[in-house]
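In what follows, a structure is listed as structure tokens, so that the remarks can point back to it.
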Amino acid sequence: MRIALGSDERTVLTDEVAEALRAAGHDVELFGPLAGGDEEWVAASAATARAVADGRADRGVVCCWSGTGASIAANKVPGVRAALCGDAETARMARRYNHANVLALSLRATSPPMGREIVEAFLAEPDGADDFDLRNVAELRGMEGA
């Protein structure tokens with residue numbers, strides 16, 4: 001799988017997530033300071049989200065201090081459904097019920113072991129196929145142009 005990973009700073013968490021993704025056989029494209037740039041959370045998150053929306057990445061992971069700003073910035077990109085997740089079950093549910101394609105993590109509140117667990121759950125869970133969920137995701141897509 002192709003994964004876009006962006007953050008406004010390089011930390012132990014971002015290094016561990018990138019390493020775990022590569023070890024699992026994923027192709028990882030880095031954005032922001034992870035790629036040697038100096039972008040803040042808005043630009044790094046938007047660039048990561050655009051990679052997903054444009055089809056250059058299958059999924060994305062964005063990080064900032066709280067995770068909230070990164071998720072807001074990513075969600076401004078049409079076609080992106082970013083979810084701020086602090087545990088693996090929330091990540092699974094974001095994929096299953098919301099078809100989230102970008103995961104947001106808090107650099108402050110997520111330990112590296114928990115980050116790996118959350119990312120693994122997010123990547124392993126398929127989109128849900130229940131008619132109810134599909135209708136809701138279609139409604140979300142319709143809101144993008146509103």
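Please note that chains go A, B, ... in the order of the structure tokens, that every chain numbers its residues from 1, and that ligands are numbered from 1 in the order shown.
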Excluding same-chain residues fewer than 5 positions from segment 38-42 of chain A, what lies within 9 Å of it counting only C-alpha atoms, as a short mmCIF file (atom, residue, chain, number, x, y, z; two decimals) with N, CA and C atoms, in the first residue's frame?
data_model
loop_
_atom_site.label_atom_id
_atom_site.label_comp_id
_atom_site.auth_asym_id
_atom_site.auth_seq_id
_atom_site.Cartn_x
_atom_site.Cartn_y
_atom_site.Cartn_z
N GLY A 6 2.69 12.87 6.93
CA GLY A 6 3.12 14.24 7.10
C GLY A 6 2.98 14.72 8.52
N SER A 7 3.85 15.63 8.90
CA SER A 7 3.83 16.21 10.23
C SER A 7 4.53 17.56 10.18
N ASP A 8 4.25 18.40 11.18
CA ASP A 8 4.92 19.69 11.25
C ASP A 8 6.22 19.60 12.04
N GLU A 9 6.51 18.43 12.59
CA GLU A 9 7.80 18.22 13.23
C GLU A 9 8.14 16.73 13.23
N PHE A 31 6.06 14.09 4.06
CA PHE A 31 5.76 15.50 3.83
C PHE A 31 6.14 16.32 5.04
N GLY A 32 6.41 17.61 4.80
CA GLY A 32 6.78 18.51 5.89
C GLY A 32 8.20 18.24 6.36
N PRO A 33 8.48 18.54 7.62
CA PRO A 33 9.82 18.30 8.17
C PRO A 33 10.29 16.85 8.05
N ALA A 47 -0.68 18.85 2.10
CA ALA A 47 0.10 18.14 1.10
C ALA A 47 -0.09 16.63 1.22
N VAL A 62 -1.50 12.04 9.22
CA VAL A 62 -1.05 13.40 9.51
C VAL A 62 -0.89 13.56 11.01
N CYS A 63 0.08 14.36 11.41
CA CYS A 63 0.37 14.55 12.83
C CYS A 63 0.62 16.03 13.12
N CYS A 64 0.18 16.46 14.28
CA CYS A 64 0.57 17.75 14.84
C CYS A 64 0.45 17.60 16.35
N TRP A 65 0.74 18.65 17.09
CA TRP A 65 0.80 18.54 18.55
C TRP A 65 -0.46 17.92 19.13
N GLY A 69 -5.56 20.17 14.58
CA GLY A 69 -5.27 21.05 13.45
C GLY A 69 -4.94 20.25 12.19
N ALA A 70 -4.16 19.19 12.34
CA ALA A 70 -3.82 18.35 11.19
C ALA A 70 -5.06 17.74 10.58
N ILE A 72 -8.17 18.94 10.77
CA ILE A 72 -8.96 20.01 10.15
C ILE A 72 -8.36 20.37 8.79
N ALA A 73 -7.05 20.57 8.73
CA ALA A 73 -6.40 20.92 7.46
C ALA A 73 -6.60 19.82 6.42
N ALA A 74 -6.42 18.58 6.80
CA ALA A 74 -6.60 17.47 5.86
C ALA A 74 -8.03 17.41 5.35
#
List the spatial neighbours of segment 121-130 of chain A as an mmCIF file with N, CA, C and O atoms, in the first residue's frame - criterion: any atom at most 8 Å away, only C-alpha atoms, same-chain residues fewer than 2 positions off excluded.
data_model
loop_
_atom_site.group_PDB
_atom_site.id
_atom_site.type_symbol
_atom_site.label_atom_id
_atom_site.label_comp_id
_atom_site.auth_asym_id
_atom_site.auth_seq_id
_atom_site.Cartn_x
_atom_site.Cartn_y
_atom_site.Cartn_z
ATOM 1 N N ARG A 59 -3.640 5.773 1.427
ATOM 2 C CA ARG A 59 -4.081 6.328 2.707
ATOM 3 C C ARG A 59 -3.029 7.317 3.189
ATOM 4 O O ARG A 59 -1.898 7.316 2.737
ATOM 5 N N ALA A 88 -6.842 2.247 18.820
ATOM 6 C CA ALA A 88 -7.004 1.378 17.661
ATOM 7 C C ALA A 88 -8.468 1.134 17.320
ATOM 8 O O ALA A 88 -8.828 1.078 16.134
ATOM 9 N N GLU A 89 -9.322 1.000 18.301
ATOM 10 C CA GLU A 89 -10.734 0.734 18.017
ATOM 11 C C GLU A 89 -11.376 1.918 17.297
ATOM 12 O O GLU A 89 -12.161 1.734 16.363
ATOM 13 N N ALA A 91 -9.828 3.975 15.350
ATOM 14 C CA ALA A 91 -9.276 3.925 13.993
ATOM 15 C C ALA A 91 -10.018 2.890 13.153
ATOM 16 O O ALA A 91 -10.343 3.145 11.988
ATOM 17 N N ARG A 92 -10.288 1.730 13.720
ATOM 18 C CA ARG A 92 -11.041 0.700 12.995
ATOM 19 C C ARG A 92 -12.431 1.206 12.634
ATOM 20 O O ARG A 92 -12.913 1.018 11.512
ATOM 21 N N ALA A 94 -13.423 4.308 12.331
ATOM 22 C CA ALA A 94 -13.322 5.394 11.354
ATOM 23 C C ALA A 94 -13.233 4.835 9.940
ATOM 24 O O ALA A 94 -13.809 5.396 9.000
ATOM 25 N N ARG A 95 -12.529 3.743 9.780
ATOM 26 C CA ARG A 95 -12.440 3.093 8.469
ATOM 27 C C ARG A 95 -13.758 2.412 8.129
ATOM 28 O O ARG A 95 -14.288 2.593 7.038
ATOM 29 N N ARG A 96 -14.277 1.622 9.037
ATOM 30 C CA ARG A 96 -15.457 0.806 8.752
ATOM 31 C C ARG A 96 -16.692 1.663 8.483
ATOM 32 O O ARG A 96 -17.413 1.430 7.510
ATOM 33 N N TYR A 97 -16.950 2.623 9.335
ATOM 34 C CA TYR A 97 -18.211 3.357 9.253
ATOM 35 C C TYR A 97 -18.111 4.687 8.516
ATOM 36 O O TYR A 97 -19.118 5.181 8.008
ATOM 37 N N ASN A 98 -16.919 5.283 8.482
ATOM 38 C CA ASN A 98 -16.770 6.593 7.849
ATOM 39 C C ASN A 98 -15.902 6.566 6.605
ATOM 40 O O ASN A 98 -15.737 7.590 5.958
ATOM 41 N N HIS A 99 -15.329 5.412 6.291
ATOM 42 C CA HIS A 99 -14.417 5.262 5.156
ATOM 43 C C HIS A 99 -13.312 6.314 5.220
ATOM 44 O O HIS A 99 -12.910 6.873 4.192
ATOM 45 N N LEU A 103 -5.621 9.311 8.599
ATOM 46 C CA LEU A 103 -5.587 9.175 10.054
ATOM 47 C C LEU A 103 -4.825 10.353 10.628
ATOM 48 O O LEU A 103 -3.739 10.683 10.142
ATOM 49 N N GLU A 117 0.109 0.771 16.944
ATOM 50 C CA GLU A 117 -1.127 -0.004 17.054
ATOM 51 C C GLU A 117 -2.282 0.685 16.321
ATOM 52 O O GLU A 117 -3.060 0.032 15.617
ATOM 53 N N ILE A 118 -2.400 1.987 16.482
ATOM 54 C CA ILE A 118 -3.466 2.744 15.827
ATOM 55 C C ILE A 118 -3.302 2.685 14.309
ATOM 56 O O ILE A 118 -4.267 2.427 13.575
ATOM 57 N N VAL A 119 -2.087 2.919 13.825
ATOM 58 C CA VAL A 119 -1.837 2.897 12.384
ATOM 59 C C VAL A 119 -2.104 1.513 11.818
ATOM 60 O O VAL A 119 -2.736 1.375 10.762
ATOM 61 N N PHE A 132 -26.233 1.382 4.929
ATOM 62 C CA PHE A 132 -26.385 2.566 5.778
ATOM 63 C C PHE A 132 -25.107 3.399 5.754
ATOM 64 O O PHE A 132 -25.143 4.619 5.573
ATOM 65 N N ASP A 133 -23.953 2.744 5.923
ATOM 66 C CA ASP A 133 -22.676 3.455 5.918
ATOM 67 C C ASP A 133 -22.384 4.055 4.554
ATOM 68 O O ASP A 133 -21.909 5.190 4.453
ATOM 69 N N LEU A 134 -22.680 3.316 3.492
ATOM 70 C CA LEU A 134 -22.439 3.816 2.146
ATOM 71 C C LEU A 134 -23.272 5.059 1.864
ATOM 72 O O LEU A 134 -22.790 6.013 1.246
#
request  = Could you please determine the separation between atom CA of Gly36 of chain A and atom CA of Thr11 of chain A in Å, to one decimal place?
outcome  =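 Interatomic distance, atom CA of Gly36 of chain A to atom CA of Thr11 of chain A: 12.9 Å.
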query = Where in chain A does DSSP assign alpha helix (DSSP H), given as a ChimeraX atom specification?
reply = /A:12-23,41-53,68-75,88-98,112-124,131-143
Please report, as a Markdown table, each residue of segment 52-129 of chain A lying at most 8 Å from segment 2-5 of chain A, together with the nearest pair of atoms and the separation in Å rounded to one decimal; use only C-alpha atoms, and order rows by chain and ascending residue number.
| residue | atom | partner | partner_atom | distance |
| --- | --- | --- | --- | --- |
| A:Val52 | CA | A:Ala4 | CA | 7.1 |
| A:Arg56 | CA | A:Arg2 | CA | 7.4 |
| A:Ala57 | CA | A:Arg2 | CA | 4.7 |
| A:Asp58 | CA | A:Arg2 | CA | 5.2 |
| A:Arg59 | CA | A:Ile3 | CA | 5.2 |
| A:Gly60 | CA | A:Ala4 | CA | 4.5 |
| A:Val61 | CA | A:Leu5 | CA | 4.8 |
| A:Val62 | CA | A:Leu5 | CA | 5.9 |
key: Picked from segment 14-61 of chain A by DSSP as strand (DSSP E), as JSON, numbers by chain   = {"A": [27, 28, 29, 30, 31, 59, 60, 61]}
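Between atom CA of Ala43 of chain A and atom CA of Ala20 of chain A the interatomic distance comes to 24.1 Å.
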message = Need the shell around Pro112 of chain A: protein/DNA/RNA residues with any atom at most 10 Å away, counting only C-alpha atoms. Skip same-chain ones fewer than 2 positions apart. Format as a list in words?
response =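 Those residues are Thr11, Val12, Leu13, Thr14, Asp15, Glu16, Val17, Leu107, Ala109, Thr110, Met114, Gly115, Arg116, Glu117 and Ile118 of chain A.
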Kindly save the residues from that selection, with C-alpha atoms included, as a JSON list (two decimals), in the first residue's frame.
[["chain", "number", "residue", "atom", "x", "y", "z"],
["A", 11, "THR", "CA", 9.55, 13.18, 16.58],
["A", 12, "VAL", "CA", 10.10, 9.71, 17.98],
["A", 13, "LEU", "CA", 6.46, 8.95, 17.10],
["A", 14, "THR", "CA", 6.79, 10.03, 13.45],
["A", 15, "ASP", "CA", 10.07, 8.12, 13.07],
["A", 16, "GLU", "CA", 8.55, 4.97, 14.60],
["A", 17, "VAL", "CA", 5.41, 5.20, 12.45],
["A", 107, "LEU", "CA", 2.20, 14.05, 18.78],
["A", 109, "ALA", "CA", -0.83, 12.28, 23.46],
["A", 110, "THR", "CA", 0.24, 9.28, 21.35],
["A", 114, "MET", "CA", 0.16, 3.17, 20.70],
["A", 115, "GLY", "CA", 0.83, 5.01, 17.44],
["A", 116, "ARG", "CA", 1.96, 1.80, 15.77],
["A", 117, "GLU", "CA", -1.13, 0.00, 17.05],
["A", 118, "ILE", "CA", -3.47, 2.74, 15.83]]
Distance in Å - atom CA of Ala104 of chain A versus atom CA of Ser71 of chain A =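 These two atoms are separated by 5.5 Å.
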